[in-house]
$ cat data_13.csv   # CSV, C-alpha atoms
chain,number,residue,atom,x,y,z
Y,1350,MET,CA,79.6,101.9,108.3
Y,1351,LYS,CA,77.2,104.8,108.6
Y,1352,LYS,CA,74.4,103.2,106.6
Y,1353,ASN,CA,72.5,99.9,106.9
Y,1354,PHE,CA,72.7,97.8,103.8
Y,1355,SER,CA,69.9,95.4,103.0
Y,1356,ASN,CA,70.6,91.9,102.0
Y,1357,SER,CA,69.3,92.4,98.5
Y,1358,TYR,CA,71.6,95.5,98.1
Y,1359,ILE,CA,74.6,93.3,99.1
Y,1360,PHE,CA,73.6,90.6,96.6
Y,1361,ILE,CA,73.1,93.0,93.7
Y,1362,TYR,CA,76.2,94.9,94.6
Y,1363,SER,CA,78.5,91.9,94.6
Y,1364,ALA,CA,76.9,90.5,91.4
Y,1365,VAL,CA,77.5,93.8,89.5
Y,1366,LEU,CA,81.0,94.1,90.9
Y,1367,VAL,CA,82.0,90.7,89.8
Y,1368,VAL,CA,80.5,91.1,86.3
Y,1369,VAL,CA,82.3,94.4,85.8
Y,1370,ALA,CA,85.6,92.9,86.9
Y,1371,ALA,CA,85.1,89.9,84.6
Y,1372,LEU,CA,84.3,92.1,81.6
Y,1373,ILE,CA,87.4,94.2,82.1
Y,1374,LEU,CA,89.6,91.1,82.4
Y,1375,THR,CA,88.1,89.5,79.3
Y,1376,VAL,CA,88.7,92.6,77.2
Y,1377,VAL,CA,92.3,92.9,78.3
Y,1378,SER,CA,93.1,89.2,78.0
Y,1379,VAL,CA,91.7,89.0,74.5
Y,1380,SER,CA,93.5,92.2,73.3
Y,1381,LEU,CA,96.9,91.2,74.7
Y,1382,LYS,CA,96.8,87.6,73.7
Y,1383,PRO,CA,98.6,87.9,70.3
Y,1384,ALA,CA,101.6,89.7,71.9
Y,1385,GLN,CA,101.8,87.1,74.7
Y,1386,GLU,CA,101.6,84.2,72.3
Y,1387,LYS,CA,104.3,85.7,70.2
Y,1388,ASN,CA,106.6,85.8,73.3
Y,1389,GLN,CA,105.8,82.2,74.2
Y,1390,ARG,CA,106.6,80.9,70.7
Y,1391,ALA,CA,109.9,82.8,70.7
Y,1392,GLU,CA,110.7,81.4,74.1
Y,1393,THR,CA,110.1,77.8,73.0
Y,1394,LYS,CA,112.4,78.4,70.0
Y,1395,GLN,CA,115.1,79.9,72.3
Y,1396,MET,CA,114.9,76.9,74.5
Y,1397,ILE,CA,115.2,74.5,71.6
Y,1398,LEU,CA,118.2,76.4,70.2
Y,1399,LYS,CA,119.8,76.4,73.6
Y,1400,THR,CA,119.9,72.6,73.7
Y,1401,ILE,CA,122.2,72.6,70.6
Y,1402,GLY,CA,124.4,75.3,72.1
Y,1403,ILE,CA,123.0,78.4,70.3
Y,1404,GLU,CA,122.1,81.4,72.5
Y,1405,ALA,CA,119.3,83.3,70.7
Y,1406,THR,CA,117.6,86.5,71.8
Y,1407,ARG,CA,113.9,86.8,71.4
Y,1408,ASP,CA,114.4,88.9,68.3
Y,1409,ASN,CA,116.6,86.6,66.3
Y,1410,ALA,CA,115.1,83.3,67.6
Y,1411,ASP,CA,112.9,82.9,64.6
Y,1412,GLU,CA,115.7,83.3,62.1
Y,1413,LEU,CA,118.2,81.1,63.9
Y,1414,TYR,CA,115.5,78.4,64.5
Y,1415,ALA,CA,114.7,78.3,60.8
Y,1416,GLN,CA,118.4,77.9,60.0
Y,1417,HIS,CA,119.3,75.2,62.5
Y,1418,VAL,CA,116.2,73.2,63.4
Y,1419,THR,CA,113.7,71.1,61.4
Y,1420,GLU,CA,110.4,70.1,62.8
Y,1421,ALA,CA,109.4,66.5,62.4
Y,1422,ASP,CA,106.4,64.6,63.7
Y,1423,GLY,CA,106.6,65.1,67.5
Y,1424,TYR,CA,110.3,65.8,67.6
Y,1425,TYR,CA,112.9,68.1,66.1
Y,1426,THR,CA,116.0,67.4,64.1
Y,1427,PHE,CA,119.3,69.4,63.9
Y,1428,SER,CA,122.5,68.7,62.0
Y,1429,GLY,CA,123.9,66.4,64.7
Y,1430,GLY,CA,120.8,64.4,65.7
Y,1431,ILE,CA,117.4,64.9,67.2
Y,1432,ILE,CA,115.8,67.0,69.9
Y,1433,LEU,CA,113.1,65.4,72.0
Y,1434,PRO,CA,110.4,67.5,73.6
Y,1435,MET,CA,109.5,66.5,77.2
Y,1436,LYS,CA,106.4,67.3,79.2
Y,1437,GLY,CA,105.6,66.4,82.8
Y,1438,THR,CA,104.4,67.6,86.2
Y,1439,GLY,CA,106.4,69.0,89.0
Y,1440,LEU,CA,105.2,69.7,92.5
Y,1441,TRP,CA,103.0,72.7,91.8
Y,1442,GLY,CA,102.4,72.6,88.1
Y,1443,PRO,CA,103.6,71.6,84.7
Y,1444,ILE,CA,107.3,71.2,83.9
Y,1445,TRP,CA,108.8,70.8,80.5
Y,1446,GLY,CA,112.1,70.6,78.6
Y,1447,TYR,CA,114.0,69.6,75.6
Y,1448,LEU,CA,116.8,67.0,75.2
Y,1449,ALA,CA,119.2,67.1,72.3
Y,1450,LEU,CA,120.7,63.7,71.4
Y,1451,ASP,CA,123.4,62.8,68.9
Y,1452,GLU,CA,123.5,59.7,66.7
Y,1453,THR,CA,124.9,57.6,69.6
Y,1454,SER,CA,122.0,58.6,71.9
Y,1455,THR,CA,124.3,60.7,74.0
Y,1456,VAL,CA,122.9,64.0,75.4
Y,1457,VAL,CA,124.6,67.0,73.8
Y,1458,GLY,CA,122.3,69.5,75.5
Y,1459,ALA,CA,119.3,69.8,77.8
Y,1460,VAL,CA,117.1,72.6,78.9
Y,1461,PHE,CA,114.2,72.6,81.5
Y,1462,ASP,CA,111.6,75.0,82.5
Y,1463,HIS,CA,108.6,75.1,84.9
Y,1464,LYS,CA,105.4,77.0,85.5
Y,1465,GLY,CA,105.6,77.5,89.3
Y,1466,GLU,CA,108.1,75.4,91.1
Y,1467,THR,CA,109.5,76.9,94.3
Y,1468,PRO,CA,112.3,79.4,93.5
Y,1469,GLY,CA,115.6,78.1,94.9
Y,1470,LEU,CA,114.4,74.5,95.3
Y,1471,GLY,CA,112.4,72.8,92.5
Y,1472,GLY,CA,112.8,76.0,90.5
Y,1473,GLU,CA,116.5,75.2,90.1
Y,1474,ILE,CA,115.7,72.8,87.2
Y,1475,ALA,CA,115.5,75.9,85.0
Y,1476,THR,CA,119.1,76.8,85.7
Y,1477,ASP,CA,122.0,76.1,83.3
Y,1478,LYS,CA,123.8,74.5,86.3
Y,1479,PHE,CA,121.2,71.8,86.5
Y,1480,ALA,CA,120.8,71.3,82.7
Y,1481,SER,CA,124.6,71.0,82.2
Y,1482,ARG,CA,124.6,67.8,84.5
Y,1483,PHE,CA,122.8,66.0,81.6
Y,1484,ILE,CA,125.5,66.6,79.0
Y,1485,GLY,CA,127.3,63.3,78.2
Y,1486,LYS,CA,124.6,61.1,79.7
Y,1487,ARG,CA,122.9,58.4,77.6
Y,1488,MET,CA,119.4,57.5,76.5
Y,1489,ASP,CA,120.2,54.2,74.7
Y,1490,SER,CA,119.4,51.1,76.9
Y,1491,GLU,CA,117.6,52.8,79.7
Y,1492,PRO,CA,116.2,56.3,80.6
Y,1493,ILE,CA,118.3,58.8,82.5
Y,1494,HIS,CA,117.0,59.2,86.1
Y,1495,LEU,CA,117.6,61.6,88.9
Y,1496,LYS,CA,119.1,60.3,92.1
Y,1497,LYS,CA,120.5,61.8,95.3
Y,1498,ASN,CA,124.3,61.6,95.4
Y,1499,ALA,CA,124.3,60.2,91.9
Y,1500,ASP,CA,127.4,58.5,90.6
Y,1501,LYS,CA,128.7,61.1,88.1
Y,1502,SER,CA,130.5,58.4,86.0
Y,1503,ASN,CA,127.2,56.5,85.5
Y,1504,PRO,CA,125.8,57.6,82.2
Y,1505,TYR,CA,122.2,57.0,83.3
Y,1506,GLU,CA,122.3,58.9,86.6
Y,1507,VAL,CA,122.0,62.6,87.2
Y,1508,ASP,CA,122.2,64.3,90.6
Y,1509,ALA,CA,118.8,65.3,91.9
Y,1510,ILE,CA,118.0,68.7,93.4
Y,1511,SER,CA,118.3,68.9,97.2
Y,1512,GLY,CA,115.1,70.3,98.6
Y,1513,GLY,CA,113.3,69.6,95.3
Y,1514,THR,CA,112.5,65.9,95.6
Y,1515,MET,CA,109.0,66.1,94.2
Y,1516,THR,CA,110.2,68.2,91.2
Y,1517,SER,CA,113.1,65.8,90.7
Y,1518,ASN,CA,110.7,62.8,90.7
Y,1519,GLY,CA,108.7,64.7,88.1
Y,1520,VAL,CA,111.8,65.2,85.9
Y,1521,THR,CA,112.6,61.5,86.2
Y,1522,ALA,CA,109.1,60.5,85.1
Y,1523,MET,CA,109.3,63.0,82.2
Y,1524,LEU,CA,112.6,61.5,81.1
Y,1525,ALA,CA,111.1,57.9,81.3
Y,1526,LYS,CA,108.3,59.1,79.0
Y,1527,ALA,CA,110.8,60.7,76.6
Y,1528,TYR,CA,112.8,57.5,76.6
Y,1529,GLU,CA,109.7,55.6,75.5
Y,1530,ASP,CA,109.0,58.1,72.7
Y,1531,TYR,CA,112.6,57.9,71.6
Y,1532,SER,CA,112.5,54.0,71.5
Y,1533,THR,CA,109.4,53.9,69.4
Y,1534,LEU,CA,111.0,56.5,67.2
Y,1535,ASN,CA,114.1,54.3,66.7
Y,1536,THR,CA,112.1,51.1,65.9
Y,1537,LYS,CA,110.1,53.0,63.3
Y,1538,HIS,CA,113.3,54.1,61.4
Z,240,MET,CA,97.2,115.1,108.0
Z,241,LYS,CA,98.5,117.3,105.2
Z,242,ASN,CA,98.6,116.0,101.7
Z,243,THR,CA,102.4,116.5,101.4
Z,244,ASP,CA,102.8,114.4,104.6
Z,245,LEU,CA,100.9,111.5,103.0
Z,246,ILE,CA,103.7,111.3,100.4
Z,247,LYS,CA,106.6,112.2,102.7
Z,248,LEU,CA,106.0,110.2,105.8
Z,249,PRO,CA,106.1,106.7,104.2
Z,250,PHE,CA,109.6,107.4,103.1
Z,251,SER,CA,110.8,107.5,106.7
Z,252,LYS,CA,108.7,107.8,109.9
Z,253,ASN,CA,105.9,105.7,108.5
Z,254,ASN,CA,107.8,103.5,106.0
Z,255,PRO,CA,105.7,100.4,105.2
Z,256,ILE,CA,108.7,98.0,105.5
Z,257,LEU,CA,110.8,99.7,108.2
Z,258,VAL,CA,108.1,100.9,110.5
Z,259,GLN,CA,104.8,99.2,109.6
Z,260,VAL,CA,106.7,96.0,108.8
Z,261,LEU,CA,104.4,95.2,105.9
Z,262,GLY,CA,105.4,93.6,102.6
Z,263,VAL,CA,108.6,92.0,103.9
Z,264,CYS,CA,108.1,88.7,102.2
Z,265,SER,CA,108.1,90.1,98.7
Z,266,CYS,CA,111.0,92.4,99.7
Z,267,LEU,CA,113.1,89.3,100.5
Z,268,ALA,CA,112.1,87.4,97.5
Z,269,VAL,CA,112.6,89.7,94.5
Z,270,THR,CA,115.7,91.8,95.5
Z,271,ALA,CA,118.5,89.4,94.5
Z,272,GLN,CA,118.8,91.6,91.4
Z,273,LEU,CA,118.1,95.2,90.7
Z,274,LYS,CA,115.8,94.7,87.7
Z,275,PRO,CA,113.1,92.6,89.2
Z,276,ALA,CA,113.2,94.7,92.4
Z,277,VAL,CA,112.5,97.9,90.3
Z,278,VAL,CA,109.7,96.2,88.4
Z,279,MET,CA,108.2,94.8,91.5
Z,280,ALA,CA,108.4,98.3,93.1
Z,281,ILE,CA,106.7,99.9,90.2
Z,282,SER,CA,104.0,97.3,90.0
Z,283,VAL,CA,103.2,97.5,93.7
Z,284,THR,CA,103.2,101.3,93.7
Z,285,VAL,CA,100.8,101.3,90.8
Z,286,VAL,CA,98.5,98.7,92.3
Z,287,VAL,CA,98.5,100.3,95.8
Z,288,ALA,CA,97.8,103.8,94.4
Z,289,LEU,CA,95.0,102.7,92.1
Z,290,THR,CA,93.3,100.3,94.5
Z,291,ASN,CA,93.4,103.0,97.2
Z,292,LEU,CA,91.8,105.5,94.7
Z,293,ILE,CA,89.2,103.0,93.5
Z,294,ILE,CA,88.2,101.8,96.9
Z,295,SER,CA,88.0,105.3,98.2
Z,296,LEU,CA,85.7,106.3,95.4
Z,297,MET,CA,83.5,103.3,96.2
Z,298,ARG,CA,83.8,103.5,100.0
Z,299,ASN,CA,80.3,104.9,100.6
Z,300,THR,CA,78.6,102.2,98.5
Z,301,ILE,CA,80.6,99.2,100.0
Z,302,PRO,CA,78.5,97.2,102.5
Z,303,PRO,CA,80.8,96.8,105.5
Z,304,ARG,CA,79.9,93.1,105.8
Z,305,ILE,CA,81.5,92.2,102.4
Z,306,ARG,CA,84.1,95.0,102.3
Z,307,ILE,CA,87.1,92.6,102.4
Z,308,ILE,CA,85.7,90.6,99.5
Z,309,VAL,CA,85.1,93.8,97.5
Z,310,GLN,CA,88.7,94.9,98.2
Z,311,LEU,CA,90.0,91.6,97.1
Z,312,VAL,CA,88.1,91.7,93.9
Z,313,VAL,CA,89.4,95.1,93.1
Z,314,VAL,CA,93.0,94.2,94.0
Z,315,SER,CA,93.1,91.0,92.1
Z,316,THR,CA,91.5,92.5,89.0
Z,317,LEU,CA,94.3,95.1,89.0
Z,318,VAL,CA,97.0,92.6,89.7
Z,319,VAL,CA,95.9,90.3,86.9
Z,320,LEU,CA,95.9,93.4,84.6
Z,321,VAL,CA,99.5,94.2,85.6
Z,322,ASP,CA,100.5,90.5,85.1
Z,323,GLN,CA,98.9,90.4,81.6
Z,324,VAL,CA,100.6,93.6,80.5
Z,325,LEU,CA,104.0,92.4,81.8
Z,326,LYS,CA,103.5,89.1,79.9
Z,327,ALA,CA,102.8,90.9,76.7
Z,328,TYR,CA,105.4,93.6,76.8
Z,329,MET,CA,108.1,92.7,79.3
Z,330,TYR,CA,108.1,88.9,79.1
Z,331,ASP,CA,111.6,88.3,80.7
Z,332,VAL,CA,110.7,90.4,83.7
Z,333,SER,CA,107.4,88.6,84.0
Z,334,LYS,CA,109.1,85.3,84.0
Z,335,GLN,CA,111.5,86.4,86.7
Z,336,LEU,CA,108.7,87.7,88.8
Z,337,SER,CA,106.4,84.7,88.0
Z,338,VAL,CA,104.8,83.8,91.3
Z,339,PHE,CA,105.5,87.1,92.9
Z,340,VAL,CA,103.2,89.1,90.7
Z,341,GLY,CA,100.3,87.0,91.9
Z,342,LEU,CA,101.6,87.6,95.4
Z,343,ILE,CA,101.0,91.4,95.1
Z,344,ILE,CA,97.4,90.4,95.8
Z,345,THR,CA,98.4,89.2,99.2
Z,346,ASN,CA,101.0,91.9,99.8
Z,347,CYS,CA,100.0,93.2,103.2
Z,348,ILE,CA,100.7,96.8,102.2
Z,349,VAL,CA,97.8,96.7,99.7
Z,350,MET,CA,95.2,95.4,102.1
Z,351,GLY,CA,96.7,97.3,105.0
Z,352,ARG,CA,96.3,100.7,103.3
Z,353,LEU,CA,92.9,99.9,102.0
Z,354,GLU,CA,91.5,98.9,105.4
Z,355,ALA,CA,93.4,101.6,107.3
Z,356,PHE,CA,93.1,104.5,104.9
Z,357,ALA,CA,91.1,104.3,101.7
Z,358,MET,CA,87.9,102.9,103.4
Z,359,VAL,CA,87.5,106.2,105.4
Z,360,GLN,CA,89.3,108.9,103.4
Z,361,LYS,CA,88.5,111.0,100.3
Z,362,PRO,CA,89.9,109.9,96.9
Z,363,LEU,CA,92.8,112.4,96.6
Z,364,PRO,CA,94.4,111.7,100.0
Z,365,SER,CA,93.9,108.0,99.3
Z,366,LEU,CA,95.7,108.2,96.0
Z,367,LEU,CA,98.5,110.1,97.6
Z,368,ASP,CA,98.7,107.7,100.6
Z,369,GLY,CA,98.9,104.8,98.1
Z,370,LEU,CA,101.6,106.5,96.1
Z,371,GLY,CA,103.6,107.4,99.2
Z,372,ASN,CA,103.5,103.9,100.6
Z,373,GLY,CA,104.3,102.4,97.3
Z,374,LEU,CA,107.3,104.7,96.9
Z,375,GLY,CA,108.4,104.1,100.5
Z,376,TYR,CA,108.3,100.3,99.7
Z,377,SER,CA,110.2,101.0,96.4
Z,378,VAL,CA,113.0,102.8,98.1
Z,379,ILE,CA,113.8,99.8,100.3
Z,380,LEU,CA,113.5,97.4,97.5
Z,381,ILE,CA,115.8,99.3,95.2
Z,382,VAL,CA,118.4,99.8,97.9
Z,383,LEU,CA,118.3,96.0,98.7
Z,384,GLY,CA,118.4,95.1,95.0
Z,385,PHE,CA,121.4,97.4,94.4
Z,386,VAL,CA,123.4,96.1,97.3
Z,387,ARG,CA,122.6,92.4,96.7
Z,388,GLU,CA,123.2,92.4,93.0
Z,389,LEU,CA,126.4,94.4,93.3
Z,390,PHE,CA,128.0,92.2,96.0
Z,391,GLY,CA,126.2,89.0,95.2
Z,392,SER,CA,126.6,88.8,91.4
Z,393,GLY,CA,129.1,91.6,90.7
Z,394,THR,CA,126.7,93.2,88.3
Z,395,LEU,CA,124.2,96.1,88.2
Z,396,TRP,CA,121.1,95.8,86.0
Z,397,GLY,CA,123.1,92.9,84.3
Z,398,TYR,CA,126.1,95.1,83.6
Z,399,PRO,CA,129.3,93.5,84.9
Z,400,VAL,CA,130.5,96.3,87.2
Z,401,MET,CA,133.1,94.3,89.2
Z,402,GLU,CA,134.6,92.7,86.1
Z,403,LYS,CA,134.9,96.1,84.4
Z,404,LEU,CA,136.7,97.5,87.5
Z,405,GLY,CA,139.1,94.6,87.2
Z,406,LEU,CA,138.5,93.4,90.7
Z,407,TYR,CA,138.3,89.6,89.9
Z,408,SER,CA,141.9,89.7,88.6
Z,409,ILE,CA,143.2,90.9,91.9
Z,410,GLY,CA,141.4,88.2,93.9
Z,411,TYR,CA,137.9,89.7,94.6
Z,412,GLU,CA,135.1,87.1,94.8
Z,413,ASN,CA,131.3,87.5,94.8
Z,414,ASN,CA,129.5,86.9,98.1
Z,415,GLY,CA,127.2,84.0,97.5
Z,416,LEU,CA,125.2,84.7,100.7
Z,417,MET,CA,124.1,88.0,99.2
Z,418,ILE,CA,121.8,86.3,96.7
Z,419,MET,CA,120.1,84.1,99.3
Z,420,PRO,CA,116.9,85.5,100.9
Z,421,PRO,CA,118.3,85.3,104.5
Z,422,MET,CA,120.8,88.0,103.6
Z,423,ALA,CA,118.0,90.3,102.5
Z,424,LEU,CA,116.5,89.8,106.0
Z,425,ILE,CA,119.8,90.7,107.6
Z,426,LEU,CA,120.1,93.8,105.4
Z,427,VAL,CA,116.6,94.9,106.2
Z,428,GLY,CA,117.5,94.4,109.9
Z,429,LEU,CA,120.6,96.6,109.5
Z,430,ILE,CA,118.5,99.3,107.7
Z,431,ILE,CA,115.9,99.2,110.5
Z,432,TRP,CA,118.7,99.5,113.1
Z,433,TRP,CA,120.2,102.5,111.4
Z,434,HIS,CA,116.7,104.0,110.9
Z,435,ARG,CA,115.7,103.6,114.6
Z,436,SER,CA,119.0,105.0,115.7
Z,437,ARG,CA,118.2,108.1,113.7
Z,438,ASN,CA,114.6,108.2,114.9
Z,439,LYS,CA,114.7,107.6,118.6
Z,440,ASP,CA,110.9,108.3,119.0
Z,441,LEU,CA,110.2,105.0,117.0
Z,442,CYS,CA,112.0,102.8,119.5
Z,443,GLU,CA,109.8,100.8,121.8
Z,444,GLN,CA,110.5,101.2,125.5
$ encode --input "data_13.csv" --output "structure tokens"
Amino acid sequence: MKKNFSNSYIFIYSAVLVVVAALILTVVSVSLKPAQEKNQRAETKQMILKTIGIEATRDNADELYAQHVTEADGYYTFSGGIILPMKGTGLWGPIWGYLALDETSTVVGAVFDHKGETPGLGGEIATDKFASRFIGKRMDSEPIHLKKNADKSNPYEVDAISGGTMTSNGVTAMLAKAYEDYSTLNTKH
Amino acid sequence: MKNTDLIKLPFSKNNPILVQVLGVCSCLAVTAQLKPAVVMAISVTVVVALTNLIISLMRNTIPPRIRIIVQLVVVSTLVVLVDQVLKAYMYDVSKQLSVFVGLIITNCIVMGRLEAFAMVQKPLPSLLDGLGNGLGYSVILIVLGFVRELFGSGTLWGYPVMEKLGLYSIGYENNGLMIMPPMALILVGLIIWWHRSRNKDLCEQ
């Protein structure tokens, strides 16, 4: 405010500032990466265990996972059936989840998560309340889809989230994709 | 202004939420439970204090024409640092705060204090001003988090207080409205009401 800054000063100043900031962030990001990835792996295992009704903490997730879940090519198996991984897009970013099916293609457990859906609206897919709506639904002749005011007795319909239509559509698309994967899996065996 | 005032005033007469009315959005969003409220409070306090200090140290070299950009670079670098550390060492908390950590960058308290104070003051007062405002913000967040978690979920820091007191068995029920953001706004309104009635000089004529 007191001094006059020349244009070249402003250019050099901003360039140096940005390079310094980038350097600091790179160093931190690289040094913290192992700890972050460990957390993410443990979280994935916790999610998978949750679909078959096992509540794991981050510390015992590894152990329980090794006991109960076997990894196969693109899916997982447990004593009562298989667990399908799901990936899709919500309104703001990626959404994903796991669906545990028994031998009759009935859902025994589901879990969903998201990167940045709106808390309280689309973000509700990460709640147990939403995931529990899937239990008892079926993935045999058609995929499960989300619908407003779904008929609870219909095994292929699940109540969508009010205020989270875009996220709900993302979940439906993700389920359709999982159904395809599951069908190809069944024809192979 | 004396250095002690820089710490003291933001607690009451110059509270960032109650008087400056800055940082209200995050205060509604993260206070449904005590734990994220406390973590948000600590994160914001650290970020405000450090950015105030850094910007104050740089203040004579910053060309006024790009000062907002420079402030933003400093703030966002620090916020990304906080976010990365949380992800590595406090993963659950980082998940709960998810989008809000990024929102510290746009927390009006941070930019407000930088523009109003750190750009024209020496480093030590700036650090104290940042700490004071961060703590003033923290107090409100923690009070809200305490009330909302206790009456909304019946727990404190995840500990089932109401259940242990045996209140559910005699017909007590949690208040679902408490965990919704509008209730935070109503509570902040009540606190401001109480605060103004104690500090008549703050009332507008």
$ interface_residues --input "data_13.csv" --of "chain Z" --to "chain Y" --cutoff "7 Å" --atoms "only C-alpha atoms" --output "list in words"
Pro302, Pro303, Thr316, Gln323, Lys326, Ala327, Tyr330 and Val338 of chain Z
$ write_last_selection --input "data_13.csv" --atoms "C-alpha atoms" --output "short mmCIF file (atom, residue, chain, number, x, y, z; two decimals), in the frame of the given file"
data_model
loop_
_atom_site.label_atom_id
_atom_site.label_comp_id
_atom_site.auth_asym_id
_atom_site.auth_seq_id
_atom_site.Cartn_x
_atom_site.Cartn_y
_atom_site.Cartn_z
CA PRO Z 302 78.50 97.20 102.50
CA PRO Z 303 80.80 96.80 105.50
CA THR Z 316 91.50 92.50 89.00
CA GLN Z 323 98.90 90.40 81.60
CA LYS Z 326 103.50 89.10 79.90
CA ALA Z 327 102.80 90.90 76.70
CA TYR Z 330 108.10 88.90 79.10
CA VAL Z 338 104.80 83.80 91.30
#
$ residues_around --input "data_13.csv" --residues "Asp1530 (chain Y)" --least-positions-apart "5" --cutoff "9 Å" --atoms "all atoms listed in the file" --output "number ranges by chain"
Y: 1433, 1525, 1535
$ atom_distance --input "data_13.csv" --atom1 "CA of Gly1423 (chain Y)" --atom2 "CA of Leu1448 (chain Y)"
12.9 Å
$ residues_near_point --input "data_13.csv" --point "(119.9, 78.4, 73.7)" --cutoff "12 Å" --atoms "only C-alpha atoms" --output "PDB file with C-alpha atoms, in the frame of the given file"
ATOM      1  CA  ALA Y1391     109.900  82.800  70.700  1.00  0.00           C
ATOM      2  CA  GLU Y1392     110.700  81.400  74.100  1.00  0.00           C
ATOM      3  CA  THR Y1393     110.100  77.800  73.000  1.00  0.00           C
ATOM      4  CA  LYS Y1394     112.400  78.400  70.000  1.00  0.00           C
ATOM      5  CA  GLN Y1395     115.100  79.900  72.300  1.00  0.00           C
ATOM      6  CA  MET Y1396     114.900  76.900  74.500  1.00  0.00           C
ATOM      7  CA  ILE Y1397     115.200  74.500  71.600  1.00  0.00           C
ATOM      8  CA  LEU Y1398     118.200  76.400  70.200  1.00  0.00           C
ATOM      9  CA  LYS Y1399     119.800  76.400  73.600  1.00  0.00           C
ATOM     10  CA  THR Y1400     119.900  72.600  73.700  1.00  0.00           C
ATOM     11  CA  ILE Y1401     122.200  72.600  70.600  1.00  0.00           C
ATOM     12  CA  GLY Y1402     124.400  75.300  72.100  1.00  0.00           C
ATOM     13  CA  ILE Y1403     123.000  78.400  70.300  1.00  0.00           C
ATOM     14  CA  GLU Y1404     122.100  81.400  72.500  1.00  0.00           C
ATOM     15  CA  ALA Y1405     119.300  83.300  70.700  1.00  0.00           C
ATOM     16  CA  THR Y1406     117.600  86.500  71.800  1.00  0.00           C
ATOM     17  CA  ARG Y1407     113.900  86.800  71.400  1.00  0.00           C
ATOM     18  CA  ASN Y1409     116.600  86.600  66.300  1.00  0.00           C
ATOM     19  CA  ALA Y1410     115.100  83.300  67.600  1.00  0.00           C
ATOM     20  CA  LEU Y1413     118.200  81.100  63.900  1.00  0.00           C
ATOM     21  CA  TYR Y1414     115.500  78.400  64.500  1.00  0.00           C
ATOM     22  CA  HIS Y1417     119.300  75.200  62.500  1.00  0.00           C
ATOM     23  CA  TYR Y1447     114.000  69.600  75.600  1.00  0.00           C
ATOM     24  CA  LEU Y1448     116.800  67.000  75.200  1.00  0.00           C
ATOM     25  CA  ALA Y1449     119.200  67.100  72.300  1.00  0.00           C
ATOM     26  CA  GLY Y1458     122.300  69.500  75.500  1.00  0.00           C
ATOM     27  CA  ALA Y1459     119.300  69.800  77.800  1.00  0.00           C
ATOM     28  CA  VAL Y1460     117.100  72.600  78.900  1.00  0.00           C
ATOM     29  CA  PHE Y1461     114.200  72.600  81.500  1.00  0.00           C
ATOM     30  CA  ASP Y1477     122.000  76.100  83.300  1.00  0.00           C
ATOM     31  CA  ALA Y1480     120.800  71.300  82.700  1.00  0.00           C
TER      32      ALA Y1480
END
$ atom_distance --input "data_13.csv" --atom1 "CA of Asp1489 (chain Y)" --atom2 "CA of Ser1511 (chain Y)"
26.9 Å
$ residues_around --input "data_13.csv" --residues "region 411-419 of chain Z" --least-positions-apart "4" --cutoff "10 Å" --atoms "all atoms listed in the file" --output "list in words"
Gly1469 of chain Y; Leu267, Ala268, Thr270, Ala271, Gln272, Leu383, Gly384, Val386, Arg387, Glu388, Leu389, Phe390, Gly391, Ser392, Gly393, Thr394, Met401, Glu402, Gly405, Leu406, Tyr407, Ala423, Leu424, Ile425 and Leu426 of chain Z
$ residues_around --input "data_13.csv" --residues "Lys1486 (chain Y)" --least-positions-apart "5" --cutoff "12 Å" --atoms "only C-alpha atoms" --output "number ranges by chain"
Y: 1448-1451, 1453-1459, 1480-1481, 1491-1495, 1500-1508
$ write_last_selection --input "data_13.csv" --atoms "C-alpha atoms" --output "PDB file, keeping the file's coordinate frame"
ATOM      1  CA  LEU Y1448     116.800  67.000  75.200  1.00  0.00           C
ATOM      2  CA  ALA Y1449     119.200  67.100  72.300  1.00  0.00           C
ATOM      3  CA  LEU Y1450     120.700  63.700  71.400  1.00  0.00           C
ATOM      4  CA  ASP Y1451     123.400  62.800  68.900  1.00  0.00           C
ATOM      5  CA  THR Y1453     124.900  57.600  69.600  1.00  0.00           C
ATOM      6  CA  SER Y1454     122.000  58.600  71.900  1.00  0.00           C
ATOM      7  CA  THR Y1455     124.300  60.700  74.000  1.00  0.00           C
ATOM      8  CA  VAL Y1456     122.900  64.000  75.400  1.00  0.00           C
ATOM      9  CA  VAL Y1457     124.600  67.000  73.800  1.00  0.00           C
ATOM     10  CA  GLY Y1458     122.300  69.500  75.500  1.00  0.00           C
ATOM     11  CA  ALA Y1459     119.300  69.800  77.800  1.00  0.00           C
ATOM     12  CA  ALA Y1480     120.800  71.300  82.700  1.00  0.00           C
ATOM     13  CA  SER Y1481     124.600  71.000  82.200  1.00  0.00           C
ATOM     14  CA  GLU Y1491     117.600  52.800  79.700  1.00  0.00           C
ATOM     15  CA  PRO Y1492     116.200  56.300  80.600  1.00  0.00           C
ATOM     16  CA  ILE Y1493     118.300  58.800  82.500  1.00  0.00           C
ATOM     17  CA  HIS Y1494     117.000  59.200  86.100  1.00  0.00           C
ATOM     18  CA  LEU Y1495     117.600  61.600  88.900  1.00  0.00           C
ATOM     19  CA  ASP Y1500     127.400  58.500  90.600  1.00  0.00           C
ATOM     20  CA  LYS Y1501     128.700  61.100  88.100  1.00  0.00           C
ATOM     21  CA  SER Y1502     130.500  58.400  86.000  1.00  0.00           C
ATOM     22  CA  ASN Y1503     127.200  56.500  85.500  1.00  0.00           C
ATOM     23  CA  PRO Y1504     125.800  57.600  82.200  1.00  0.00           C
ATOM     24  CA  TYR Y1505     122.200  57.000  83.300  1.00  0.00           C
ATOM     25  CA  GLU Y1506     122.300  58.900  86.600  1.00  0.00           C
ATOM     26  CA  VAL Y1507     122.000  62.600  87.200  1.00  0.00           C
ATOM     27  CA  ASP Y1508     122.200  64.300  90.600  1.00  0.00           C
TER      28      ASP Y1508
END
